[in-house]
Each structure stands twice: as C-alpha cells, then as structure tokens.
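Next comes start.pdb, a file with PDB, C-alpha atoms.
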```pdb
ATOM      1  CA  MET Y  27      11.818   3.758  -5.701
ATOM      2  CA  SER Y  28       8.064   4.190  -5.461
ATOM      3  CA  VAL Y  29       6.167   7.348  -4.539
ATOM      4  CA  PHE Y  30       5.211   5.877  -1.173
ATOM      5  CA  SER Y  31       8.874   5.091  -0.428
ATOM      6  CA  LEU Y  32       9.921   8.637  -1.263
ATOM      7  CA  LEU Y  33       7.128  10.075   0.879
ATOM      8  CA  THR Y  34       8.130   7.792   3.748
ATOM      9  CA  LEU Y  35      11.709   9.044   3.442
ATOM     10  CA  LEU Y  36      10.496  12.657   3.415
ATOM     11  CA  PHE Y  37       8.049  12.358   6.324
ATOM     12  CA  GLY Y  38      10.358  10.080   8.309
ATOM     13  CA  GLY Y  39      13.342  12.367   7.748
ATOM     14  CA  LEU Y  40      11.413  15.465   8.807
ATOM     15  CA  THR Y  41      10.130  13.606  11.866
ATOM     16  CA  ILE Y  42      13.688  12.801  12.930
ATOM     17  CA  VAL Y  43      14.783  16.417  12.397
ATOM     18  CA  GLY Y  44      11.803  17.647  14.436
ATOM     19  CA  ALA Y  45      12.454  15.063  17.145
ATOM     20  CA  VAL Y  46      16.078  16.199  17.459
ATOM     21  CA  TYR Y  47      14.847  19.810  17.847
ATOM     22  CA  LEU Y  48      12.366  18.762  20.555
ATOM     23  CA  PHE Y  49      15.049  16.731  22.282
ATOM     24  CA  VAL Y  50      17.664  19.485  22.493
ATOM     25  CA  ARG Y  51      15.270  22.342  23.295
ATOM     26  CA  SER Y  52      13.688  22.790  26.695
ATOM     27  CA  PRO Y  53      10.326  24.654  26.861
ATOM     28  CA  ALA Y  54      11.302  26.197  30.207
ATOM     29  CA  ARG Y  55      14.230  28.016  28.610
ATOM     30  CA  LEU Y  56      12.236  29.224  25.624
ATOM     31  CA  VAL Y  57      10.175  31.793  27.553
ATOM     32  CA  SER Y  58      12.941  34.376  27.292
ATOM     33  CA  ALA Y  59      14.267  33.200  23.902
ATOM     34  CA  PRO Y  60      14.012  35.509  20.865
ATOM     35  CA  ALA Y  61      10.951  35.274  18.585
ATOM     36  CA  VAL Y  62      11.050  33.141  15.442
ATOM     37  CA  ARG Y  63      10.106  34.595  12.055
ATOM     38  CA  LEU Y  64       8.315  32.242   9.660
ATOM     39  CA  GLY Y  65       7.771  34.232   6.479
ATOM     40  CA  PHE Y  66       5.044  36.764   7.267
ATOM     41  CA  VAL Y  67       4.421  35.397  10.743
ATOM     42  CA  THR Y  68       6.431  36.032  13.861
ATOM     43  CA  LEU Y  69       6.025  33.472  16.619
ATOM     44  CA  SER Y  70       7.346  33.409  20.149
ATOM     45  CA  ALA Y  71       9.968  30.711  20.683
ATOM     46  CA  LEU Y  72       7.560  28.754  22.891
ATOM     47  CA  THR Y  73       4.777  28.855  20.281
ATOM     48  CA  PHE Y  74       7.254  27.729  17.625
ATOM     49  CA  TYR Y  75       8.299  24.858  19.894
ATOM     50  CA  LYS Y  76       4.646  23.803  20.274
ATOM     51  CA  LEU Y  77       4.121  24.047  16.535
ATOM     52  CA  VAL Y  78       7.155  21.814  15.930
ATOM     53  CA  ALA Y  79       5.824  19.392  18.564
ATOM     54  CA  PHE Y  80       2.435  19.207  16.839
ATOM     55  CA  VAL Y  81       3.990  18.594  13.426
ATOM     56  CA  THR Y  82       6.642  16.161  14.685
ATOM     57  CA  LEU Y  83       4.519  14.123  17.084
ATOM     58  CA  GLY Y  84       1.108  14.494  15.467
ATOM     59  CA  ALA Y  85       0.965  15.213  11.742
ATOM     60  CA  LEU Y  86       4.217  13.715  10.401
ATOM     61  CA  PRO Y  87       4.014  10.335  12.184
ATOM     62  CA  VAL Y  88       0.457   9.840  10.916
ATOM     63  CA  ALA Y  89       1.615  10.677   7.379
ATOM     64  CA  ALA Y  90       4.755   8.517   7.678
ATOM     65  CA  ALA Y  91       2.821   5.549   9.093
ATOM     66  CA  THR Y  92       0.248   5.817   6.306
ATOM     67  CA  THR Y  93       2.796   5.966   3.479
ATOM     68  CA  THR Y  94       4.912   3.194   5.040
ATOM     69  CA  HIS Y  95       1.947   0.826   5.258
ATOM     70  CA  LEU Y  96       0.814   1.740   1.745
ATOM     71  CA  GLU Y  97       4.342   1.007   0.530
ATOM     72  CA  LEU Y  98       4.292  -2.260   2.436
ATOM     73  CA  LEU Y  99       0.936  -3.330   1.037
ATOM     74  CA  GLU Y 100       1.685  -2.262  -2.536
ATOM     75  CA  GLY Y 101       5.306  -3.436  -2.496
ATOM     76  CA  ALA Y 102       4.226  -6.849  -1.196
ATOM     77  CA  LYS Y 103       2.643  -7.543  -4.586
ATOM     78  CA  GLU Y 104       6.057  -7.677  -6.263
ATOM     79  CA  VAL Y 105       7.891 -10.962  -6.793
ATOM     80  CA  SER Y 106      10.995  -9.416  -5.231
ATOM     81  CA  ALA Y 107       9.021  -8.783  -2.015
ATOM     82  CA  CYS Y 108       8.112 -12.481  -1.800
ATOM     83  CA  GLY Y 109      11.726 -13.387  -2.501
ATOM     84  CA  ASP Y 110      12.926 -11.194   0.387
ATOM     85  CA  CYS Y 111      12.039 -14.014   2.769
ATOM     86  CA  HIS Y 112      14.605 -16.761   2.143
ATOM     87  CA  VAL Y 113      12.003 -19.547   2.496
ATOM     88  CA  MET Y 114      10.408 -18.204  -0.681
ATOM     89  CA  THR Y 115      13.698 -18.064  -2.609
ATOM     90  CA  PRO Y 116      13.303 -21.619  -4.038
ATOM     91  CA  MET Y 117       9.929 -20.705  -5.549
ATOM     92  CA  VAL Y 118      11.262 -17.486  -7.073
ATOM     93  CA  THR Y 119      14.474 -19.124  -8.388
ATOM     94  CA  ASP Y 120      12.499 -21.937  -9.987
ATOM     95  CA  MET Y 121       9.915 -19.581 -11.462
ATOM     96  CA  ARG Y 122      12.627 -17.511 -13.146
ATOM     97  CA  ASP Y 123      14.455 -20.581 -14.454
ATOM     98  CA  PRO Y 124      13.685 -20.931 -18.227
ATOM     99  CA  SER Y 125      14.530 -24.643 -18.123
ATOM    100  CA  SER Y 126      12.033 -25.397 -15.360
ATOM    101  CA  ASP Y 127       8.703 -26.992 -16.252
ATOM    102  CA  SER Y 128       6.871 -26.129 -13.054
ATOM    103  CA  LEU Y 129       3.529 -24.419 -13.502
ATOM    104  CA  ALA Y 130       4.844 -21.140 -12.104
ATOM    105  CA  ALA Y 131       7.891 -21.231 -14.417
ATOM    106  CA  ARG Y 132       5.740 -21.945 -17.474
ATOM    107  CA  HIS Y 133       3.520 -18.985 -16.666
ATOM    108  CA  PHE Y 134       6.570 -16.803 -16.090
ATOM    109  CA  LYS Y 135       8.628 -17.671 -19.189
ATOM    110  CA  ASN Y 136       5.618 -17.471 -21.506
ATOM    111  CA  ARG Y 137       4.551 -14.217 -19.867
ATOM    112  CA  TYR Y 138       1.019 -15.489 -19.256
ATOM    113  CA  ILE Y 139       1.132 -13.053 -16.361
ATOM    114  CA  SER Y 140       3.187  -9.973 -17.125
ATOM    115  CA  ASP Y 141       4.006  -8.796 -13.588
ATOM    116  CA  GLN Y 142       3.341  -9.447  -9.900
ATOM    117  CA  GLN Y 143       3.157 -13.162 -10.732
ATOM    118  CA  CYS Y 144       3.066 -14.456  -7.130
ATOM    119  CA  TYR Y 145       0.299 -12.054  -6.165
ATOM    120  CA  HIS Y 146      -1.830 -12.767  -9.236
ATOM    121  CA  CYS Y 147      -2.083 -16.475  -8.468
ATOM    122  CA  HIS Y 148      -2.095 -16.369  -4.675
ATOM    123  CA  ALA Y 149      -4.561 -13.520  -4.142
ATOM    124  CA  GLY Y 150      -8.219 -14.156  -4.775
ATOM    125  CA  TYR Y 151     -10.087 -11.853  -7.099
ATOM    126  CA  GLY Y 152     -12.031  -8.821  -5.917
ATOM    127  CA  PHE Y 153     -11.734  -6.812  -2.707
ATOM    128  CA  ASN Y 154     -12.119  -9.836  -0.421
ATOM    129  CA  GLY Y 155      -9.303 -11.685  -2.165
ATOM    130  CA  ALA Y 156      -6.971  -8.698  -1.994
ATOM    131  CA  PHE Y 157      -7.838  -8.076   1.674
ATOM    132  CA  ALA Y 158      -7.339 -11.742   2.593
ATOM    133  CA  ALA Y 159      -3.990 -11.767   0.758
ATOM    134  CA  LYS Y 160      -2.806  -8.692   2.671
ATOM    135  CA  MET Y 161      -3.832 -10.200   6.003
ATOM    136  CA  GLU Y 162      -2.083 -13.422   5.038
ATOM    137  CA  GLY Y 163       1.000 -11.339   4.206
ATOM    138  CA  TYR Y 164       1.014  -9.881   7.739
ATOM    139  CA  ARG Y 165       0.707 -13.423   9.128
ATOM    140  CA  HIS Y 166       3.681 -14.512   6.998
ATOM    141  CA  LEU Y 167       5.632 -11.525   8.299
ATOM    142  CA  VAL Y 168       4.992 -12.548  11.914
ATOM    143  CA  ARG Y 169       6.043 -16.126  11.285
ATOM    144  CA  TYR Y 170       9.119 -15.172   9.278
ATOM    145  CA  THR Y 171      10.465 -12.510  11.627
ATOM    146  CA  THR Y 172       9.852 -14.674  14.702
ATOM    147  CA  HIS Y 173      11.232 -17.817  12.986
ATOM    148  CA  LEU Y 174       7.969 -19.686  13.600
ATOM    149  CA  TYR Y 175       8.357 -21.878  10.544
ATOM    150  CA  GLU Y 176      10.104 -25.003   9.410
ATOM    151  CA  GLU Y 177      11.722 -25.649   6.070
ATOM    152  CA  PRO Y 178      10.396 -26.774   3.691
ATOM    153  CA  ILE Y 179       7.322 -24.625   4.149
ATOM    154  CA  LYS Y 180       3.915 -25.850   3.044
ATOM    155  CA  MET Y 181       0.667 -24.099   2.224
ATOM    156  CA  ARG Y 182      -1.701 -23.840   5.162
ATOM    157  CA  VAL Y 183      -4.773 -24.108   2.951
ATOM    158  CA  THR Y 184      -5.632 -25.820  -0.310
ATOM    159  CA  PHE Y 185      -4.818 -23.626  -3.278
ATOM    160  CA  ASP Y 186      -7.990 -22.080  -4.657
ATOM    161  CA  VAL Y 187      -8.262 -23.141  -8.306
ATOM    162  CA  ALA Y 188     -10.624 -20.213  -8.883
ATOM    163  CA  SER Y 189      -7.431 -18.238  -9.549
ATOM    164  CA  CYS Y 190      -6.588 -20.605 -12.440
ATOM    165  CA  LEU Y 191     -10.142 -20.777 -13.736
ATOM    166  CA  SER Y 192     -10.639 -17.021 -13.724
ATOM    167  CA  CYS Y 193      -8.132 -16.831 -16.608
ATOM    168  CA  HIS Y 194      -8.374 -20.242 -18.293
ATOM    169  CA  ARG Y 195     -12.078 -21.116 -18.165
ATOM    170  CA  GLY Y 196     -13.916 -20.048 -21.277
ATOM    171  CA  THR Y 197     -10.839 -19.970 -23.483
ATOM    172  CA  VAL Y 198     -10.863 -21.994 -26.716
ATOM    173  CA  LYS Y 199      -7.826 -23.968 -25.568
ATOM    174  CA  PHE Y 200      -9.511 -24.882 -22.282
ATOM    175  CA  ALA Y 201     -12.815 -25.870 -23.928
ATOM    176  CA  ALA Y 202     -11.027 -28.030 -26.504
ATOM    177  CA  ILE Y 203      -9.931 -30.489 -23.797
ATOM    178  CA  ASN Y 204     -12.879 -32.810 -23.118
ATOM    179  CA  SER Y 205     -11.672 -33.827 -19.679
ATOM    180  CA  HIS Y 206     -11.934 -30.226 -18.515
ATOM    181  CA  ALA Y 207     -15.735 -30.396 -18.797
ATOM    182  CA  VAL Y 208     -15.726 -33.514 -16.613
ATOM    183  CA  ALA Y 209     -13.212 -32.113 -14.163
ATOM    184  CA  LEU Y 210     -14.903 -28.768 -13.728
ATOM    185  CA  SER Y 211     -17.424 -29.860 -11.076
ATOM    186  CA  ARG Y 212     -14.691 -31.765  -9.218
ATOM    187  CA  LEU Y 213     -12.448 -28.696  -9.402
ATOM    188  CA  HIS Y 214     -15.208 -26.619  -7.841
ATOM    189  CA  ASP Y 215     -15.811 -29.034  -4.968
ATOM    190  CA  GLY Y 216     -12.067 -29.256  -4.348
ATOM    191  CA  SER Y 217     -11.753 -33.002  -4.917
ATOM    192  CA  VAL Y 218      -9.188 -32.422  -7.673
ATOM    193  CA  SER Y 219      -6.798 -29.603  -8.427
ATOM    194  CA  CYS Y 220      -5.291 -28.267 -11.650
ATOM    195  CA  VAL Y 221      -1.833 -29.433 -10.506
ATOM    196  CA  ASN Y 222      -3.071 -33.059 -10.417
ATOM    197  CA  CYS Y 223      -2.735 -33.070 -14.211
ATOM    198  CA  HIS Y 224      -0.576 -30.063 -14.963
ATOM    199  CA  GLY Y 225       2.380 -30.796 -12.750
ATOM    200  CA  PRO Y 226       3.706 -29.198  -9.600
ATOM    201  CA  ALA Y 227       3.272 -25.454  -9.294
ATOM    202  CA  HIS Y 228       6.629 -25.053  -7.563
ATOM    203  CA  PRO Y 229       9.610 -27.222  -6.603
ATOM    204  CA  THR Y 230       8.466 -30.159  -4.504
ATOM    205  CA  ARG Y 231       8.881 -30.197  -0.733
ATOM    206  CA  ALA Y 232      11.607 -32.824  -1.105
ATOM    207  CA  GLU Y 233      13.554 -30.532  -3.434
ATOM    208  CA  ARG Y 234      13.136 -27.605  -1.043
ATOM    209  CA  THR Y 235      14.357 -29.553   1.975
ATOM    210  CA  PRO Y 236      17.749 -28.310   3.209
ATOM    211  CA  GLY Y 237      20.411 -30.781   2.188
ATOM    212  CA  SER Y 238      18.610 -32.013  -0.912
ATOM    213  CA  ALA Y 239      20.520 -32.219  -4.202
ATOM    214  CA  LYS Y 240      18.675 -29.216  -5.601
ATOM    215  CA  TYR Y 241      18.537 -27.108  -2.438
ATOM    216  CA  ASN Y 242      21.625 -24.969  -2.996
ATOM    217  CA  TYR Y 243      20.615 -24.246  -6.575
ATOM    218  CA  LEU Y 244      17.076 -23.285  -5.520
ATOM    219  CA  MET Y 245      18.525 -21.007  -2.862
ATOM    220  CA  GLY Y 246      20.481 -19.286  -5.633
ATOM    221  CA  LYS Y 247      23.853 -20.506  -4.391
ATOM    222  CA  ASN Y 248      25.092 -22.544  -7.348
ATOM    223  CA  ALA Y 249      24.051 -24.492 -10.437
ATOM    224  CA  PRO Y 250      22.372 -27.908  -9.954
TER     225      PRO Y 250
ATOM    226  CA  MET O  18       8.368  15.797  25.304
ATOM    227  CA  LYS O  19      11.768  14.124  25.019
ATOM    228  CA  ALA O  20      10.343  10.628  25.465
ATOM    229  CA  GLU O  21       7.760  11.121  22.708
ATOM    230  CA  ALA O  22      10.395  12.650  20.419
ATOM    231  CA  THR O  23      12.724   9.686  21.008
ATOM    232  CA  LEU O  24       9.999   7.107  20.310
ATOM    233  CA  THR O  25       8.887   8.910  17.149
ATOM    234  CA  ALA O  26      12.448   9.292  15.858
ATOM    235  CA  LEU O  27      13.166   5.608  16.525
ATOM    236  CA  ALA O  28       9.988   4.536  14.714
ATOM    237  CA  SER O  29      10.794   6.774  11.746
ATOM    238  CA  ALA O  30      14.349   5.431  11.573
ATOM    239  CA  ILE O  31      13.002   1.861  11.391
ATOM    240  CA  ALA O  32      10.554   2.819   8.619
ATOM    241  CA  ILE O  33      13.308   4.592   6.664
ATOM    242  CA  GLY O  34      15.532   1.551   7.106
ATOM    243  CA  PHE O  35      12.809  -0.647   5.654
ATOM    244  CA  VAL O  36      12.117   1.463   2.543
ATOM    245  CA  VAL O  37      15.845   1.833   1.850
ATOM    246  CA  THR O  38      16.957  -1.772   2.378
ATOM    247  CA  ARG O  39      13.690  -3.703   1.721
ATOM    248  CA  ASN O  40      14.884  -6.116   4.402
ATOM    249  CA  ALA O  41      12.206  -8.568   5.572
ATOM    250  CA  TYR O  42      13.144  -8.182   9.246
ATOM    251  CA  LEU O  43      12.931  -4.399   9.006
ATOM    252  CA  MET O  44       9.580  -4.874   7.270
ATOM    253  CA  GLY O  45       8.427  -6.857  10.294
ATOM    254  CA  ALA O  46       9.920  -4.284  12.661
ATOM    255  CA  THR O  47       8.071  -1.513  10.816
ATOM    256  CA  VAL O  48       4.733  -3.232  11.300
ATOM    257  CA  PHE O  49       5.184  -4.655  14.782
ATOM    258  CA  VAL O  50       7.562  -2.166  16.425
ATOM    259  CA  ALA O  51       7.543   1.173  14.579
ATOM    260  CA  THR O  52       3.767   1.446  14.212
ATOM    261  CA  PRO O  53       3.072   0.834  17.943
ATOM    262  CA  LEU O  54       5.874   3.271  18.828
ATOM    263  CA  TRP O  55       4.297   5.962  16.644
ATOM    264  CA  LEU O  56       0.928   5.321  18.260
ATOM    265  CA  VAL O  57       2.299   5.346  21.807
ATOM    266  CA  ALA O  58       4.144   8.612  21.158
ATOM    267  CA  LEU O  59       0.994  10.108  19.622
ATOM    268  CA  VAL O  60      -1.161   9.030  22.560
ATOM    269  CA  PHE O  61       1.310  10.504  25.064
ATOM    270  CA  TYR O  62       1.483  13.743  23.066
ATOM    271  CA  VAL O  63      -2.317  14.080  22.818
ATOM    272  CA  ARG O  64      -2.588  13.298  26.540
ATOM    273  CA  ARG O  65      -0.039  16.034  27.286
ATOM    274  CA  VAL O  66      -1.909  18.577  25.125
ATOM    275  CA  PHE O  67      -5.255  17.769  26.767
ATOM    276  CA  LYS O  68      -3.675  17.989  30.220
ATOM    277  CA  GLU O  69      -2.255  21.416  29.414
ATOM    278  CA  LEU O  70      -5.581  22.629  28.014
ATOM    279  CA  HIS O  71      -7.330  21.302  31.114
ATOM    280  CA  GLU O  72      -4.886  23.133  33.394
ATOM    281  CA  ARG O  73      -5.652  26.351  31.536
ATOM    282  CA  ASP O  74      -9.394  25.733  31.907
ATOM    283  CA  VAL O  75      -9.802  25.565  28.138
ATOM    284  CA  LEU O  76     -11.320  22.100  28.462
TER     285      LEU O  76
END
```

Please re-express this file's structure in structure tokens.
Amino acid sequence: MSVFSLLTLLFGGLTIVGAVYLFVRSPARLVSAPAVRLGFVTLSALTFYKLVAFVTLGALPVAAATTTHLELLEGAKEVSACGDCHVMTPMVTDMRDPSSDSLAARHFKNRYISDQQCYHCHAGYGFNGAFAAKMEGYRHLVRYTTHLYEEPIKMRVTFDVASCLSCHRGTVKFAAINSHAVALSRLHDGSVSCVNCHGPAHPTRAERTPGSAKYNYLMGKNAP
Amino acid sequence: MKAEATLTALASAIAIGFVVTRNAYLMGATVFVATPLWLVALVFYVRRVFKELHERDVL
C-alpha cells in the first residue's frame, strides 16, 4: 500500500471519528459540560467541540481529498489500475501472455519497459503529456462508471507514434532499417503508423468482441 | 453541524473504500461523489463560521 493510501486511511479514519463526535454531541448541552484537558491546555467543552469541528470539517477533509486524488493520479499509472476496468482486461491479459506476439506483449516480455507499461506508451512525454493522460483517465472513469461504452472499445484518437519514436529513434537497430528513414516523415504527418508494419499493439477488435473464440481467454476466464 | 459531519463521514468512507478495494466504481465514486460531498460540507461549515462571527460583530 502506497504512502498516499495510508495517509488517506489515516485522514479519512480520523474524519469519521470526528464526525461521529460532532454527530452525537450537541453544542447547546456543552455550555455546562466539564472542561477538557489537552496536555498543557484546558479548554471549555464548547471550545473543544469547535476545535473538533474545525479539524473534522476543515483540515482533515482537505488533507484526505488531496491524498486520495494523489493516490488516484499516481496509482492510475500502474497496469493493475488499467486492468481494474474489465474492458481493459483483454489488453492486460494479452500483454502478460508470453506466447503473444502483439506489440504490447513483446515490450512486456522483453522488459523494454520495466514498469507502468500502459502509462509509458499512452501518455505523451513532458508535463503536457502527463496532464492530458490524467484528464483522459478522468474521462475514462466517467464513461466506465456510467456504462457509456460499448465492447469492444476503440481508441478515440490516433495513437501518437511520438511515444514509440522517443525510445526507438536514434538507436542503431532503428537506423539500420532503411525503410525507417523513408517512413519517418510519413510517421510524423500521421499517414502511417508503427503498427502498420510491426503488427497490432493489442488484441484486435474482433478478438475482443464478446462471444469471439478468444474472448473468454482474454477476459482471464479460461485458456484459448 | 450534524449534516456537515454526515456528508464528510460519508465522503471519507467512500475514499477509504476505494484505497482498500481499488474498485473502479469506488474510484469513480471518490472523484464524482466524495469530492463534491467534501466540498459541500466545507462550504456549509465555512458559511456557518462566518455567520457566527458576523453575529458576534467580529466580521
């Protein structure tokens, strides 16, 4: 469990405890209640109530909301977070399958990307890329939780090959292929994509369609 | 204060549920339900504090 998760548990737990206190106590009855000692300080019961109210309704929710969203944004980089939504399960199953030859699986089994594989390819580089990926994640969350999607899902935009080129361009292996020099300008203008030559990145839409021969396997239910 | 306390506790429970289970629906509920609940409770609390300060002629 990450630091942000633990902090969310702490702040959220304290908020609930404070909320229960505020719920069962009535300020009107606290005027004559005995004072409360907090270490070196002695507070009237009403002042203590107001202090609890400030912490429970002001400070702790702000802290809990901050850590929760940080956990959400950081945790969303993990492959497991993508796999939490069942429409993504086929991509994750295929990527982790050593016998698969999809682009994602080849990157995964050869450890071309050591961790956060989905995020590395699907988030653009730099602050703008990360920000756009996070916003896209929130959009996915809306569509998934409200069931505004149809299986098999498809990408809304054309995959940006800049993600591929940022690692591969300039390498000896890349430069050794003559057609890469020809394809480079066409890759930049979007008229061709890396997957045109290097195979599908993920299982095809036909394979991901419910009822297809491979569907149950891709959903992790049984072997193909 | 009971209404604010209830909203805040509910929002916190949703957030705790999300970090414990990692469920996608609770993730959505955290963003689209818990966060607004926290904000609403905070706004009501701040409004209450300002009202009390105003009644005491502090503001």

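Each of Y:Pro226, Y:Val221, Y:Lys247, Y:Asp110 was checked against O:Gly45 using all atoms listed in the file; the smallest atom-to-atom distance is that of Y:Asp110.
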
Exercise. If we count only C-alpha atoms, which residues of chain Y reach to within 6 Å of chain O? Please list them as a PyMOL selection string.
Worked result: chain Y and resi 31+35+38+42+45+49+83+110+167+171

Exercise. Interatomic distance between atom CA of Y:Arg234 and atom CA of Y:Val105?
Worked result: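 Atom CA of Y:Arg234 sits 18.4 Å away from atom CA of Y:Val105.
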
Exercise. So what do you get for atom CA of Y:Val43 versus atom CA of Y:Thr82, distance-wise?
Worked result: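 The value is 8.5 Å.
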
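For the choices Y:Pro178, Y:Ala71, Y:Ala131, Y:Leu96, the atom-to-atom distance to Y:Ser238 is smallest for Y:Pro178 when using only C-alpha atoms.
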
Report as a tab-separated table (two decimals) with C-alpha atoms, keeping the file's coordinate frame all protein, DNA and RNA residues lying within 12 Å of Y:Asp215, evaluated on all atoms listed in the file, omitting residues in the same chain fewer than 4 positions from it.
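Resulting contents of result-v3.tsv:
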```tsv
chain	number	residue	atom	x	y	z
Y	184	THR	CA	-5.63	-25.82	-0.31
Y	186	ASP	CA	-7.99	-22.08	-4.66
Y	187	VAL	CA	-8.26	-23.14	-8.31
Y	188	ALA	CA	-10.62	-20.21	-8.88
Y	209	ALA	CA	-13.21	-32.11	-14.16
Y	210	LEU	CA	-14.90	-28.77	-13.73
Y	211	SER	CA	-17.42	-29.86	-11.08
Y	219	SER	CA	-6.80	-29.60	-8.43
```

Exercise. Atom CA of Y:Cys190 and atom CA of Y:Cys220, how far apart in Å?
Worked result: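 Pair atom CA of Y:Cys220 / atom CA of Y:Cys190 returns 7.8 Å.
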
Problem set entry | the PyMOL selection byres ((chain Y and resi 147) around 10) applied to the shown file, residues as an MDAnalysis selection string | chainID Y and resid 130 139 142:146 148:151 185:190

Kindly save the residues from that selection, with C-alpha atoms included, as a PDB file, in the coordinates of the input.
```pdb
ATOM      1  CA  ALA Y 130       4.844 -21.140 -12.104  1.00  0.00           C
ATOM      2  CA  ILE Y 139       1.132 -13.053 -16.361  1.00  0.00           C
ATOM      3  CA  GLN Y 142       3.341  -9.447  -9.900  1.00  0.00           C
ATOM      4  CA  GLN Y 143       3.157 -13.162 -10.732  1.00  0.00           C
ATOM      5  CA  CYS Y 144       3.066 -14.456  -7.130  1.00  0.00           C
ATOM      6  CA  TYR Y 145       0.299 -12.054  -6.165  1.00  0.00           C
ATOM      7  CA  HIS Y 146      -1.830 -12.767  -9.236  1.00  0.00           C
ATOM      8  CA  HIS Y 148      -2.095 -16.369  -4.675  1.00  0.00           C
ATOM      9  CA  ALA Y 149      -4.561 -13.520  -4.142  1.00  0.00           C
ATOM     10  CA  GLY Y 150      -8.219 -14.156  -4.775  1.00  0.00           C
ATOM     11  CA  TYR Y 151     -10.087 -11.853  -7.099  1.00  0.00           C
ATOM     12  CA  PHE Y 185      -4.818 -23.626  -3.278  1.00  0.00           C
ATOM     13  CA  ASP Y 186      -7.990 -22.080  -4.657  1.00  0.00           C
ATOM     14  CA  VAL Y 187      -8.262 -23.141  -8.306  1.00  0.00           C
ATOM     15  CA  ALA Y 188     -10.624 -20.213  -8.883  1.00  0.00           C
ATOM     16  CA  SER Y 189      -7.431 -18.238  -9.549  1.00  0.00           C
ATOM     17  CA  CYS Y 190      -6.588 -20.605 -12.440  1.00  0.00           C
TER      18      CYS Y 190
END
```

For this session: Determine, counting only C-alpha atoms, which protein, DNA and RNA residues have an atom within 12 Å of an atom of Y:Met161; residues of the same chain fewer than 4 positions away are not included. Present the result as a list of chain:residue names.
Result: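 That gives Y:Leu98, Y:Leu99, Y:Ala102, Y:Ala149, Y:Asn154, Y:Gly155, Y:Ala156, Y:Phe157, Y:Arg165, Y:His166, Y:Leu167, Y:Val168.
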
Can you write just those residues out, C-alpha atoms, as a PDB file, keeping the file's coordinate frame?
```pdb
ATOM      1  CA  LEU Y  98       4.292  -2.260   2.436  1.00  0.00           C
ATOM      2  CA  LEU Y  99       0.936  -3.330   1.037  1.00  0.00           C
ATOM      3  CA  ALA Y 102       4.226  -6.849  -1.196  1.00  0.00           C
ATOM      4  CA  ALA Y 149      -4.561 -13.520  -4.142  1.00  0.00           C
ATOM      5  CA  ASN Y 154     -12.119  -9.836  -0.421  1.00  0.00           C
ATOM      6  CA  GLY Y 155      -9.303 -11.685  -2.165  1.00  0.00           C
ATOM      7  CA  ALA Y 156      -6.971  -8.698  -1.994  1.00  0.00           C
ATOM      8  CA  PHE Y 157      -7.838  -8.076   1.674  1.00  0.00           C
ATOM      9  CA  ARG Y 165       0.707 -13.423   9.128  1.00  0.00           C
ATOM     10  CA  HIS Y 166       3.681 -14.512   6.998  1.00  0.00           C
ATOM     11  CA  LEU Y 167       5.632 -11.525   8.299  1.00  0.00           C
ATOM     12  CA  VAL Y 168       4.992 -12.548  11.914  1.00  0.00           C
TER      13      VAL Y 168
END
```

Exercise. Between Y:Arg132, Y:His206, Y:Lys76, Y:Arg51, which is the closest to Y:Gly225 once you count only C-alpha atoms?
Worked result: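 Checking each candidate against Y:Gly225, we get Y:Arg132 as the closest.
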
For this session: Report as a ChimeraX atom specification the full result of the PyMOL selection byres ((chain Y and resi 231) around 12) when it is applied to this structure.
Result: /Y:113,116-117,176-181,226-230,232-238,240-241,244

Exercise. If you apply the PyMOL selection byres ((chain Y and resi 30) around 7) to this file, what residues do you get, as a ChimeraX atom specification?
Worked result: /Y:28-29,31-34,93-94,96-97

File dump, residues just selected, C-alpha atoms, as a compact mmCIF listing (two decimals), keeping the file's coordinate frame:
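Saved result, again-v5.txt, follows:
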```
# COMPACT_ATOMS: atom_id res chain seq x y z
CA SER Y 28 8.06 4.19 -5.46
CA VAL Y 29 6.17 7.35 -4.54
CA SER Y 31 8.87 5.09 -0.43
CA LEU Y 32 9.92 8.64 -1.26
CA LEU Y 33 7.13 10.07 0.88
CA THR Y 34 8.13 7.79 3.75
CA THR Y 93 2.80 5.97 3.48
CA THR Y 94 4.91 3.19 5.04
CA LEU Y 96 0.81 1.74 1.74
CA GLU Y 97 4.34 1.01 0.53
```
